[in-house]
$ cat start.cif   # mmCIF, C-alpha atoms and all ligand atoms; chains and numbers go by the auth columns
data_start
#
loop_
_atom_site.group_PDB
_atom_site.id
_atom_site.type_symbol
_atom_site.label_atom_id
_atom_site.label_comp_id
_atom_site.label_asym_id
_atom_site.label_seq_id
_atom_site.Cartn_x
_atom_site.Cartn_y
_atom_site.Cartn_z
_atom_site.B_iso_or_equiv
_atom_site.auth_seq_id
_atom_site.auth_asym_id
ATOM 1 C CA MET A 1 -25.311 -65.768 144.834 0.00 1 A
ATOM 2 C CA ALA A 2 -28.388 -66.343 146.966 0.00 2 A
ATOM 3 C CA GLN A 3 -31.101 -68.435 145.332 0.00 3 A
ATOM 4 C CA THR A 4 -34.762 -69.011 146.054 0.00 4 A
ATOM 5 C CA PRO A 5 -35.180 -71.326 149.063 0.00 5 A
ATOM 6 C CA THR A 6 -36.973 -74.625 148.574 0.00 6 A
ATOM 7 C CA PRO A 7 -40.557 -74.254 149.949 0.00 7 A
ATOM 8 C CA PRO A 8 -41.485 -76.136 153.137 0.00 8 A
ATOM 9 C CA THR A 9 -42.683 -79.711 152.713 0.00 9 A
ATOM 10 C CA PRO A 10 -46.125 -80.632 154.126 0.00 10 A
ATOM 11 C CA ASP A 11 -44.534 -81.778 157.384 0.00 11 A
ATOM 12 C CA GLY A 12 -43.266 -78.245 157.886 0.00 12 A
ATOM 13 C CA ILE A 13 -39.515 -78.728 157.620 0.00 13 A
ATOM 14 C CA ALA A 14 -38.290 -76.454 154.835 0.00 14 A
ATOM 15 C CA GLY A 15 -36.160 -78.321 152.315 0.00 15 A
ATOM 16 C CA TYR A 16 -36.733 -81.705 153.926 0.00 16 A
ATOM 17 C CA SER A 17 -37.652 -83.588 150.777 0.00 17 A
ATOM 18 C CA TYR A 18 -37.342 -87.138 152.136 0.00 18 A
ATOM 19 C CA GLY A 19 -39.399 -89.549 150.055 0.00 19 A
ATOM 20 C CA SER A 20 -40.490 -86.904 147.559 0.00 20 A
ATOM 21 C CA ALA A 21 -40.100 -86.973 143.778 0.00 21 A
ATOM 22 C CA ALA A 22 -37.641 -84.080 144.118 0.00 22 A
ATOM 23 C CA VAL A 23 -35.012 -86.415 145.571 0.00 23 A
ATOM 24 C CA ARG A 24 -32.599 -87.801 143.003 0.00 24 A
ATOM 25 C CA ARG A 25 -32.155 -91.557 142.868 0.00 25 A
ATOM 26 C CA SER A 26 -29.058 -92.873 144.593 0.00 26 A
ATOM 27 C CA PRO A 27 -26.530 -94.444 142.235 0.00 27 A
ATOM 28 C CA VAL A 28 -26.004 -97.030 144.991 0.00 28 A
ATOM 29 C CA SER A 29 -28.275 -100.062 144.676 0.00 29 A
ATOM 30 C CA LEU A 30 -30.035 -101.787 147.541 0.00 30 A
ATOM 31 C CA ALA A 31 -27.838 -104.828 146.807 0.00 31 A
ATOM 32 C CA GLU A 32 -24.711 -102.690 147.260 0.00 32 A
ATOM 33 C CA LEU A 33 -26.206 -101.278 150.430 0.00 33 A
ATOM 34 C CA GLY A 34 -26.615 -104.839 151.670 0.00 34 A
ATOM 35 C CA LEU A 35 -22.913 -105.533 151.091 0.00 35 A
ATOM 36 C CA LEU A 36 -22.007 -102.272 152.810 0.00 36 A
ATOM 37 C CA ARG A 37 -24.128 -103.214 155.802 0.00 37 A
ATOM 38 C CA GLN A 38 -22.291 -106.531 155.981 0.00 38 A
ATOM 39 C CA ALA A 39 -18.939 -104.730 155.824 0.00 39 A
ATOM 40 C CA ALA A 40 -19.998 -102.593 158.808 0.00 40 A
ATOM 41 C CA GLN A 41 -21.578 -105.613 160.504 0.00 41 A
ATOM 42 C CA PHE A 42 -24.820 -103.689 160.726 0.00 42 A
ATOM 43 C CA GLY A 43 -27.502 -106.361 160.746 0.00 43 A
ATOM 44 C CA ALA A 44 -30.926 -107.009 162.234 0.00 44 A
ATOM 45 C CA GLU A 45 -29.533 -107.143 165.772 0.00 45 A
ATOM 46 C CA GLU A 46 -27.872 -103.723 165.399 0.00 46 A
ATOM 47 C CA GLU A 47 -31.086 -102.375 163.883 0.00 47 A
ATOM 48 C CA ARG A 48 -32.971 -103.551 166.953 0.00 48 A
ATOM 49 C CA TRP A 49 -30.510 -101.796 169.288 0.00 49 A
ATOM 50 C CA LEU A 50 -30.655 -98.671 167.143 0.00 50 A
ATOM 51 C CA ARG A 51 -34.435 -98.585 167.640 0.00 51 A
ATOM 52 C CA ARG A 52 -33.830 -98.826 171.403 0.00 52 A
ATOM 53 C CA ALA A 53 -31.289 -95.989 171.168 0.00 53 A
ATOM 54 C CA GLY A 54 -33.888 -94.028 169.230 0.00 54 A
ATOM 55 C CA GLU A 55 -36.301 -94.232 172.158 0.00 55 A
ATOM 56 C CA ILE A 56 -33.796 -91.946 173.909 0.00 56 A
ATOM 57 C CA LEU A 57 -32.288 -89.955 171.046 0.00 57 A
ATOM 58 C CA VAL A 58 -35.568 -88.853 169.487 0.00 58 A
ATOM 59 C CA ASP A 59 -36.109 -86.703 172.603 0.00 59 A
ATOM 60 C CA GLU A 60 -32.477 -85.585 172.714 0.00 60 A
ATOM 61 C CA ALA A 61 -32.117 -84.698 169.030 0.00 61 A
ATOM 62 C CA ASP A 62 -32.370 -80.954 169.656 0.00 62 A
ATOM 63 C CA ALA A 63 -29.750 -81.026 172.385 0.00 63 A
ATOM 64 C CA LEU A 64 -27.427 -83.176 170.282 0.00 64 A
ATOM 65 C CA VAL A 65 -27.643 -80.841 167.328 0.00 65 A
ATOM 66 C CA ASP A 66 -26.932 -77.881 169.645 0.00 66 A
ATOM 67 C CA GLU A 67 -23.856 -79.681 170.917 0.00 67 A
ATOM 68 C CA TRP A 68 -22.588 -80.573 167.436 0.00 68 A
ATOM 69 C CA ARG A 69 -23.241 -77.093 166.129 0.00 69 A
ATOM 70 C CA GLY A 70 -21.370 -75.744 169.157 0.00 70 A
ATOM 71 C CA VAL A 71 -18.285 -77.723 168.140 0.00 71 A
ATOM 72 C CA ILE A 72 -18.494 -76.422 164.583 0.00 72 A
ATOM 73 C CA ALA A 73 -19.040 -72.831 165.772 0.00 73 A
ATOM 74 C CA ALA A 74 -16.019 -73.048 168.080 0.00 74 A
ATOM 75 C CA HIS A 75 -13.667 -73.871 165.201 0.00 75 A
ATOM 76 C CA PRO A 76 -13.296 -71.151 162.566 0.00 76 A
ATOM 77 C CA HIS A 77 -12.113 -73.629 159.921 0.00 77 A
ATOM 78 C CA LEU A 78 -15.408 -75.512 160.354 0.00 78 A
ATOM 79 C CA ALA A 79 -17.663 -72.518 161.036 0.00 79 A
ATOM 80 C CA ALA A 80 -16.545 -71.063 157.696 0.00 80 A
ATOM 81 C CA TYR A 81 -18.857 -73.466 155.863 0.00 81 A
ATOM 82 C CA SER A 82 -21.946 -72.051 157.574 0.00 82 A
ATOM 83 C CA ALA A 83 -20.853 -68.434 157.217 0.00 83 A
ATOM 84 C CA GLY A 84 -21.683 -65.990 154.448 0.00 84 A
ATOM 85 C CA THR A 85 -19.292 -65.586 151.528 0.00 85 A
ATOM 86 C CA ASP A 86 -18.000 -62.467 153.316 0.00 86 A
ATOM 87 C CA GLY A 87 -16.953 -64.699 156.225 0.00 87 A
ATOM 88 C CA GLN A 88 -19.574 -63.168 158.541 0.00 88 A
ATOM 89 C CA PRO A 89 -21.867 -65.513 160.502 0.00 89 A
ATOM 90 C CA ASN A 90 -25.161 -66.234 158.754 0.00 90 A
ATOM 91 C CA PRO A 91 -27.606 -67.251 161.493 0.00 91 A
ATOM 92 C CA ALA A 92 -30.457 -67.584 158.981 0.00 92 A
ATOM 93 C CA TYR A 93 -28.607 -70.417 157.211 0.00 93 A
ATOM 94 C CA GLY A 94 -28.025 -72.275 160.465 0.00 94 A
ATOM 95 C CA ALA A 95 -31.640 -71.749 161.521 0.00 95 A
ATOM 96 C CA ALA A 96 -32.980 -73.008 158.183 0.00 96 A
ATOM 97 C CA SER A 97 -30.903 -76.201 158.050 0.00 97 A
ATOM 98 C CA ARG A 98 -31.213 -77.001 161.768 0.00 98 A
ATOM 99 C CA PRO A 99 -34.648 -78.729 161.690 0.00 99 A
ATOM 100 C CA ARG A 100 -33.364 -81.063 158.964 0.00 100 A
ATOM 101 C CA PHE A 101 -30.356 -81.941 161.082 0.00 101 A
ATOM 102 C CA VAL A 102 -32.629 -82.643 164.078 0.00 102 A
ATOM 103 C CA GLN A 103 -34.878 -84.745 161.860 0.00 103 A
ATOM 104 C CA TRP A 104 -31.813 -86.675 160.675 0.00 104 A
ATOM 105 C CA VAL A 105 -31.148 -87.929 164.218 0.00 105 A
ATOM 106 C CA ARG A 106 -34.706 -89.221 164.360 0.00 106 A
ATOM 107 C CA ASP A 107 -34.499 -90.724 160.880 0.00 107 A
ATOM 108 C CA VAL A 108 -31.234 -92.551 161.644 0.00 108 A
ATOM 109 C CA CYS A 109 -32.958 -94.336 164.507 0.00 109 A
ATOM 110 C CA ARG A 110 -36.443 -94.862 163.132 0.00 110 A
ATOM 111 C CA ARG A 111 -36.531 -94.998 159.338 0.00 111 A
ATOM 112 C CA PRO A 112 -36.306 -98.287 157.458 0.00 112 A
ATOM 113 C CA TYR A 113 -33.094 -98.307 155.407 0.00 113 A
ATOM 114 C CA ASP A 114 -34.979 -98.732 152.116 0.00 114 A
ATOM 115 C CA GLN A 115 -34.847 -97.044 148.701 0.00 115 A
ATOM 116 C CA ALA A 116 -36.306 -93.742 149.951 0.00 116 A
ATOM 117 C CA TRP A 117 -33.751 -93.662 152.749 0.00 117 A
ATOM 118 C CA LEU A 118 -30.930 -94.555 150.350 0.00 118 A
ATOM 119 C CA ASP A 119 -31.989 -91.801 147.954 0.00 119 A
ATOM 120 C CA TYR A 120 -32.060 -89.235 150.745 0.00 120 A
ATOM 121 C CA GLN A 121 -28.534 -90.191 151.837 0.00 121 A
ATOM 122 C CA HIS A 122 -27.430 -89.415 148.286 0.00 122 A
ATOM 123 C CA GLU A 123 -29.226 -86.073 148.612 0.00 123 A
ATOM 124 C CA ILE A 124 -27.568 -85.245 151.959 0.00 124 A
ATOM 125 C CA GLY A 125 -24.172 -86.127 150.481 0.00 125 A
ATOM 126 C CA LEU A 126 -24.815 -83.784 147.554 0.00 126 A
ATOM 127 C CA ARG A 127 -25.952 -81.019 149.922 0.00 127 A
ATOM 128 C CA HIS A 128 -22.471 -81.018 151.480 0.00 128 A
ATOM 129 C CA THR A 129 -20.812 -80.618 148.059 0.00 129 A
ATOM 130 C CA HIS A 130 -20.600 -78.250 145.083 0.00 130 A
ATOM 131 C CA ALA A 131 -23.532 -80.176 143.600 0.00 131 A
ATOM 132 C CA GLY A 132 -26.077 -79.166 146.222 0.00 132 A
ATOM 133 C CA LYS A 133 -24.787 -77.004 149.071 0.00 133 A
ATOM 134 C CA ASN A 134 -26.659 -73.721 149.735 0.00 134 A
ATOM 135 C CA ARG A 135 -29.399 -74.443 147.210 0.00 135 A
ATOM 136 C CA THR A 136 -31.987 -75.833 149.599 0.00 136 A
ATOM 137 C CA ASP A 137 -31.981 -72.705 151.748 0.00 137 A
ATOM 138 C CA GLY A 138 -31.142 -70.270 148.955 0.00 138 A
ATOM 139 C CA VAL A 139 -28.092 -68.897 150.743 0.00 139 A
ATOM 140 C CA ALA A 140 -24.739 -67.485 149.682 0.00 140 A
ATOM 141 C CA SER A 141 -22.066 -69.473 151.541 0.00 141 A
ATOM 142 C CA ALA A 142 -18.973 -71.591 150.904 0.00 142 A
ATOM 143 C CA PRO A 143 -19.874 -73.896 148.007 0.00 143 A
ATOM 144 C CA HIS A 144 -18.428 -77.157 149.332 0.00 144 A
ATOM 145 C CA ILE A 145 -17.515 -78.878 152.604 0.00 145 A
ATOM 146 C CA PRO A 146 -14.347 -80.966 152.272 0.00 146 A
ATOM 147 C CA LEU A 147 -14.933 -84.677 152.680 0.00 147 A
ATOM 148 C CA ARG A 148 -12.168 -84.910 155.290 0.00 148 A
ATOM 149 C CA TYR A 149 -14.137 -82.727 157.691 0.00 149 A
ATOM 150 C CA VAL A 150 -17.373 -84.646 157.183 0.00 150 A
ATOM 151 C CA LEU A 151 -15.551 -87.899 157.958 0.00 151 A
ATOM 152 C CA ALA A 152 -13.618 -86.508 160.921 0.00 152 A
ATOM 153 C CA PHE A 153 -16.743 -84.905 162.373 0.00 153 A
ATOM 154 C CA ALA A 154 -18.338 -88.343 162.552 0.00 154 A
ATOM 155 C CA ALA A 155 -16.059 -88.879 165.561 0.00 155 A
ATOM 156 C CA VAL A 156 -17.893 -86.037 167.327 0.00 156 A
ATOM 157 C CA VAL A 157 -21.345 -87.222 166.263 0.00 157 A
ATOM 158 C CA MET A 158 -20.579 -90.677 167.613 0.00 158 A
ATOM 159 C CA THR A 159 -18.815 -89.976 170.899 0.00 159 A
ATOM 160 C CA THR A 160 -20.909 -87.046 172.127 0.00 160 A
ATOM 161 C CA THR A 161 -24.010 -89.234 171.921 0.00 161 A
ATOM 162 C CA ARG A 162 -22.817 -91.773 174.472 0.00 162 A
ATOM 163 C CA PRO A 163 -23.571 -89.682 177.613 0.00 163 A
ATOM 164 C CA TYR A 164 -27.130 -89.129 176.367 0.00 164 A
ATOM 165 C CA LEU A 165 -27.611 -92.880 175.964 0.00 165 A
ATOM 166 C CA ALA A 166 -26.184 -93.437 179.441 0.00 166 A
ATOM 167 C CA ARG A 167 -28.691 -91.162 181.214 0.00 167 A
ATOM 168 C CA ARG A 168 -31.720 -93.407 181.254 0.00 168 A
ATOM 169 C CA GLY A 169 -30.650 -96.158 183.618 0.00 169 A
ATOM 170 C CA HIS A 170 -29.883 -98.922 181.122 0.00 170 A
ATOM 171 C CA SER A 171 -27.421 -101.643 182.084 0.00 171 A
ATOM 172 C CA ALA A 172 -23.803 -101.338 180.940 0.00 172 A
ATOM 173 C CA GLY A 173 -24.445 -104.105 178.417 0.00 173 A
ATOM 174 C CA GLU A 174 -27.504 -102.372 176.955 0.00 174 A
ATOM 175 C CA LEU A 175 -25.615 -99.082 176.760 0.00 175 A
ATOM 176 C CA GLU A 176 -22.790 -100.747 174.830 0.00 176 A
ATOM 177 C CA GLN A 177 -25.201 -102.324 172.355 0.00 177 A
ATOM 178 C CA MET A 178 -27.074 -99.065 171.766 0.00 178 A
ATOM 179 C CA TYR A 179 -23.855 -97.103 171.416 0.00 179 A
ATOM 180 C CA ASP A 180 -22.299 -99.642 169.018 0.00 180 A
ATOM 181 C CA ALA A 181 -25.433 -99.588 166.867 0.00 181 A
ATOM 182 C CA TRP A 182 -25.451 -95.757 166.801 0.00 182 A
ATOM 183 C CA CYS A 183 -21.757 -95.632 165.824 0.00 183 A
ATOM 184 C CA LYS A 184 -22.234 -98.178 163.057 0.00 184 A
ATOM 185 C CA ALA A 185 -25.248 -96.288 161.745 0.00 185 A
ATOM 186 C CA VAL A 186 -23.322 -92.991 161.686 0.00 186 A
ATOM 187 C CA ILE A 187 -20.451 -94.627 159.795 0.00 187 A
ATOM 188 C CA LEU A 188 -22.937 -96.129 157.353 0.00 188 A
ATOM 189 C CA HIS A 189 -24.427 -92.681 156.719 0.00 189 A
ATOM 190 C CA VAL A 190 -21.157 -90.834 156.130 0.00 190 A
ATOM 191 C CA THR A 191 -19.941 -93.704 153.958 0.00 191 A
ATOM 192 C CA LEU A 192 -22.998 -93.279 151.755 0.00 192 A
ATOM 193 C CA TRP A 193 -22.537 -89.481 151.723 0.00 193 A
ATOM 194 C CA SER A 194 -18.911 -89.934 150.606 0.00 194 A
ATOM 195 C CA GLU A 195 -20.233 -91.336 147.328 0.00 195 A
ATOM 196 C CA ALA A 196 -21.170 -87.769 146.289 0.00 196 A
ATOM 197 C CA TYR A 197 -17.493 -86.795 146.491 0.00 197 A
ATOM 198 C CA VAL A 198 -15.803 -89.412 144.335 0.00 198 A
ATOM 199 C CA ALA A 199 -16.179 -91.181 141.002 0.00 199 A
ATOM 200 C CA LEU A 200 -18.544 -94.096 141.513 0.00 200 A
ATOM 201 C CA ALA A 201 -15.953 -96.556 140.201 0.00 201 A
ATOM 202 C CA ASP A 202 -13.571 -95.471 142.958 0.00 202 A
ATOM 203 C CA TRP A 203 -16.223 -95.428 145.653 0.00 203 A
HETATM 204 C C1 LIG B . -20.790 -86.837 160.561 0.00 301 A
HETATM 205 C C2 LIG B . -20.739 -85.582 160.188 0.00 301 A
HETATM 206 C C3 LIG B . -21.928 -84.777 159.749 0.00 301 A
HETATM 207 C C4 LIG B . -23.264 -85.031 159.904 0.00 301 A
HETATM 208 C C5 LIG B . -23.930 -86.212 160.617 0.00 301 A
HETATM 209 C C6 LIG B . -23.980 -83.970 159.244 0.00 301 A
HETATM 210 C C7 LIG B . -25.359 -83.911 159.130 0.00 301 A
HETATM 211 C C8 LIG B . -26.027 -83.007 158.348 0.00 301 A
HETATM 212 C C9 LIG B . -27.423 -83.053 158.030 0.00 301 A
HETATM 213 C C10 LIG B . -28.383 -84.144 158.501 0.00 301 A
HETATM 214 C C11 LIG B . -27.719 -81.990 157.256 0.00 301 A
HETATM 215 C C12 LIG B . -29.087 -81.599 156.689 0.00 301 A
HETATM 216 C C13 LIG B . -29.380 -82.485 155.473 0.00 301 A
HETATM 217 C C14 LIG B . -30.710 -82.121 154.830 0.00 301 A
HETATM 218 O O1 LIG B . -30.767 -81.110 154.117 0.00 301 A
HETATM 219 O O2 LIG B . -31.695 -82.860 155.063 0.00 301 A
HETATM 220 C C15 LIG B . -26.498 -81.260 157.082 0.00 301 A
HETATM 221 C C16 LIG B . -26.362 -80.102 156.367 0.00 301 A
HETATM 222 C C17 LIG B . -25.263 -79.288 156.491 0.00 301 A
HETATM 223 N N1 LIG B . -24.082 -79.590 157.123 0.00 301 A
HETATM 224 FE FE1 LIG B . -23.561 -81.362 157.826 0.00 301 A
HETATM 225 N N2 LIG B . -23.086 -83.081 158.761 0.00 301 A
HETATM 226 C C18 LIG B . -21.829 -83.513 159.054 0.00 301 A
HETATM 227 C C19 LIG B . -20.660 -82.843 158.772 0.00 301 A
HETATM 228 C C20 LIG B . -20.612 -81.511 158.526 0.00 301 A
HETATM 229 C C21 LIG B . -19.440 -80.672 158.637 0.00 301 A
HETATM 230 C C22 LIG B . -18.048 -81.160 159.050 0.00 301 A
HETATM 231 C C23 LIG B . -19.840 -79.404 158.337 0.00 301 A
HETATM 232 C C24 LIG B . -19.074 -78.124 158.310 0.00 301 A
HETATM 233 C C25 LIG B . -17.842 -77.982 158.705 0.00 301 A
HETATM 234 C C26 LIG B . -21.257 -79.460 158.013 0.00 301 A
HETATM 235 C C27 LIG B . -22.023 -78.390 157.633 0.00 301 A
HETATM 236 C C28 LIG B . -23.283 -78.493 157.098 0.00 301 A
HETATM 237 C C29 LIG B . -23.949 -77.420 156.392 0.00 301 A
HETATM 238 C C30 LIG B . -23.417 -76.025 156.141 0.00 301 A
HETATM 239 C C31 LIG B . -25.198 -77.933 156.004 0.00 301 A
HETATM 240 C C32 LIG B . -26.263 -77.238 155.159 0.00 301 A
HETATM 241 C C33 LIG B . -26.020 -77.739 153.729 0.00 301 A
HETATM 242 C C34 LIG B . -26.993 -77.128 152.705 0.00 301 A
HETATM 243 O O3 LIG B . -26.704 -76.015 152.216 0.00 301 A
HETATM 244 O O4 LIG B . -28.025 -77.758 152.392 0.00 301 A
HETATM 245 N N3 LIG B . -21.670 -80.744 158.132 0.00 301 A
HETATM 246 N N4 LIG B . -25.494 -81.895 157.757 0.00 301 A
#
$ encode --input "start.cif" --output "structure tokens" --more "lines below"
Ligand code: HEM
Amino acid sequence: MAQTPTPPTPDGIAGYSYGSAAVRRSPVSLAELGLLRQAAQFGAEEERWLRRAGEILVDEADALVDEWRGVIAAHPHLAAYSAGTDGQPNPAYGAASRPRFVQWVRDVCRRPYDQAWLDYQHEIGLRHTHAGKNRTDGVASAPHIPLRYVLAFAAVVMTTTRPYLARRGHSAGELEQMYDAWCKAVILHVTLWSEAYVALADW
């Protein structure tokens, strides 16, 4: 059943509640995040290269999201999660969630990975599951995206970004560092989102 969409936030992106009181607190602590970052070897150096990557990706975020959405649209078993409950395409849903996806690219590269960021990763995880999908945009669609597809799709989000990073004349070494940092950041994000899918003790 369609619900009432969440009103736009002051920055104009409907449903983008980053940093607001509406965002539930992540059950993951900053200390646990620190251990996770160590496990992914995502430290200050990687953060620095991610900022450099962001100098490129902030401008390319729209194109990247188009590319990723194109992959989803081309595969009926993935497109089903953006369709209406009748299986018909629902362009309004895609249009409503798109600016948040674009903003995500920018946030990955530019936001400090602090409590507000951690809380919003919990929120994004929930928005892919029974606990939160469809509610932000008030749409009637499949209620849950299987974790396996979110994890597998990270492969697309990582690898399709490399050509964009390669376009700006950086050395091969700089490209590798930016790309490694982007890949690690993506893995860190989907790892945090996976928490919404499993019992915390198992996560
Ligand atoms: C690494 C993989 C993925 C990334 C980086 C990603 C990223 C995102 C982001 C940033 C949002 C918006 C979050 C917000 O509300 O602020 C979102 C929402 C959404 N994503 Fe994903 N996603 C991934 C995998 C998938 C897959 C595999 C599907 C479908 C097959 C999918 C379908 C959706 C849908 C339908 C929404 C809207 C959810 C809602 O109702 O709020 N995503 N995704």
$ closest_residue --input "start.cif" --among "A:Leu192, A:Ala131, A:Leu175, A:Val186" --to "ligand LIG 301 (chain A)" --atoms "all atoms listed in the file"
A:Val186
$ atom_distance --input "start.cif" --atom1 "atom CA of A:Pro99" --atom2 "atom CA of A:Asp180"
25.4 Å
$ closest_residue --input "start.cif" --among "A:Ala96, A:Leu50, A:Cys109, A:Val198" --to "A:Gly12" --atoms "only C-alpha atoms"
A:Ala96
$ residues_near_ligand --input "start.cif" --ligand "ligand LIG 301 (chain A)" --cutoff "7 Å" --atoms "all atoms listed in the file" --output "list in words"
Gly15, Tyr16, Ile72, Leu78, Ala79, Tyr81, Ser82, Ser97, Arg100, Phe101, Trp104, Ile124, Arg127, His128, Gly132, Lys133, Asn134, Arg135, Thr136, Asp137, Ile145, Tyr149, Val150, Leu151, Phe153, Ala154, Val157, Val186 and Val190 of chain A
$ residues_near_point --input "start.cif" --point "(-19.5, -94.7, 156.1)" --cutoff "12 Å" --atoms "only C-alpha atoms" --output "JSON, numbers by chain"
{"A": [33, 36, 37, 39, 40, 41, 42, 121, 125, 147, 150, 151, 152, 153, 154, 155, 183, 184, 185, 186, 187, 188, 189, 190, 191, 192, 193, 194, 195, 203]}
$ closest_residue --input "start.cif" --among "A:Thr85, A:Gln103, A:Gln177, A:Gln115" --to "A:Leu64" --atoms "all atoms listed in the file"
A:Gln103
$ closest_residue --input "start.cif" --among "A:Val28, A:Ala116, A:Val23, A:Ile56" --to "A:Arg167" --atoms "all atoms listed in the file"
A:Ile56
$ closest_residue --input "start.cif" --among "A:Leu165, A:Leu126, A:Ala73, A:Met178" --to "A:Tyr197" --atoms "all atoms listed in the file"
A:Leu126
$ residues_around --input "start.cif" --residues "stretch 51-53 of chain A" --least-positions-apart "5" --cutoff "12 Å" --atoms "only C-alpha atoms" --output "number ranges by chain"
A: 44-46, 58-61, 105-112, 161-168, 170, 174-183, 185
$ atom_distance --input "start.cif" --atom1 "atom CA of A:Ser20" --atom2 "atom CA of A:Ala63"
27.7 Å
$ closest_residue --input "start.cif" --among "A:Glu55, A:Trp49, A:Met158, A:Asp114" --to "A:Gly173" --atoms "all atoms listed in the file"
A:Trp49
$ atom_distance --input "start.cif" --atom1 "atom CA of A:Tyr18" --atom2 "atom CA of A:Arg98"
15.3 Å
$ axis_aligned_box --input "start.cif" --around "stretch 81-91 of chain A" --padding-each-side "4 Å" --output "lines of an AutoDock Vina configuration file"
center_x = -22.3
center_y = -68.0
center_z = 156.5
size_x = 18.7
size_y = 19.0
size_z = 18.0
$ build_atoms --input "start.cif" --residues "stretch 160-165 of chain A" --atoms "all heavy atoms" --output "short mmCIF file (atom, residue, chain, number, x, y, z; two decimals), in the frame of the given file"
data_model
loop_
_atom_site.label_atom_id
_atom_site.label_comp_id
_atom_site.auth_asym_id
_atom_site.auth_seq_id
_atom_site.Cartn_x
_atom_site.Cartn_y
_atom_site.Cartn_z
N THR A 160 -20.12 -87.94 171.28
CA THR A 160 -20.91 -87.05 172.13
C THR A 160 -22.28 -87.64 172.46
O THR A 160 -22.95 -87.17 173.38
CB THR A 160 -21.14 -85.67 171.44
OG1 THR A 160 -21.63 -85.91 170.12
CG2 THR A 160 -19.86 -84.86 171.36
N THR A 161 -22.69 -88.65 171.71
CA THR A 161 -24.01 -89.23 171.92
C THR A 161 -24.03 -90.20 173.11
O THR A 161 -25.07 -90.40 173.74
CB THR A 161 -24.44 -89.96 170.62
OG1 THR A 161 -24.41 -89.01 169.56
CG2 THR A 161 -25.85 -90.51 170.72
N ARG A 162 -22.87 -90.74 173.42
CA ARG A 162 -22.82 -91.77 174.47
C ARG A 162 -23.40 -91.31 175.82
O ARG A 162 -24.22 -92.01 176.40
CB ARG A 162 -21.38 -92.27 174.64
CG ARG A 162 -21.30 -93.60 175.35
CD ARG A 162 -19.87 -94.11 175.32
NE ARG A 162 -19.77 -95.50 175.72
CZ ARG A 162 -19.82 -95.92 176.97
NH1 ARG A 162 -19.97 -95.05 177.95
NH2 ARG A 162 -19.75 -97.20 177.25
N PRO A 163 -23.00 -90.11 176.32
CA PRO A 163 -23.57 -89.68 177.61
C PRO A 163 -25.10 -89.57 177.59
O PRO A 163 -25.74 -89.80 178.62
CB PRO A 163 -22.93 -88.31 177.84
CG PRO A 163 -21.74 -88.25 176.95
CD PRO A 163 -22.01 -89.15 175.79
N TYR A 164 -25.66 -89.22 176.46
CA TYR A 164 -27.13 -89.13 176.37
C TYR A 164 -27.76 -90.52 176.50
O TYR A 164 -28.79 -90.68 177.15
CB TYR A 164 -27.55 -88.51 175.03
CG TYR A 164 -27.21 -87.04 174.92
CD1 TYR A 164 -25.94 -86.62 174.53
CD2 TYR A 164 -28.16 -86.07 175.22
CE1 TYR A 164 -25.62 -85.28 174.44
CE2 TYR A 164 -27.85 -84.72 175.13
CZ TYR A 164 -26.57 -84.33 174.74
OH TYR A 164 -26.26 -83.00 174.65
N LEU A 165 -27.09 -91.51 175.88
CA LEU A 165 -27.61 -92.88 175.96
C LEU A 165 -27.47 -93.44 177.38
O LEU A 165 -28.23 -94.33 177.77
CB LEU A 165 -26.85 -93.78 174.98
CG LEU A 165 -27.07 -93.49 173.49
CD1 LEU A 165 -26.11 -94.33 172.64
CD2 LEU A 165 -28.52 -93.78 173.09
#
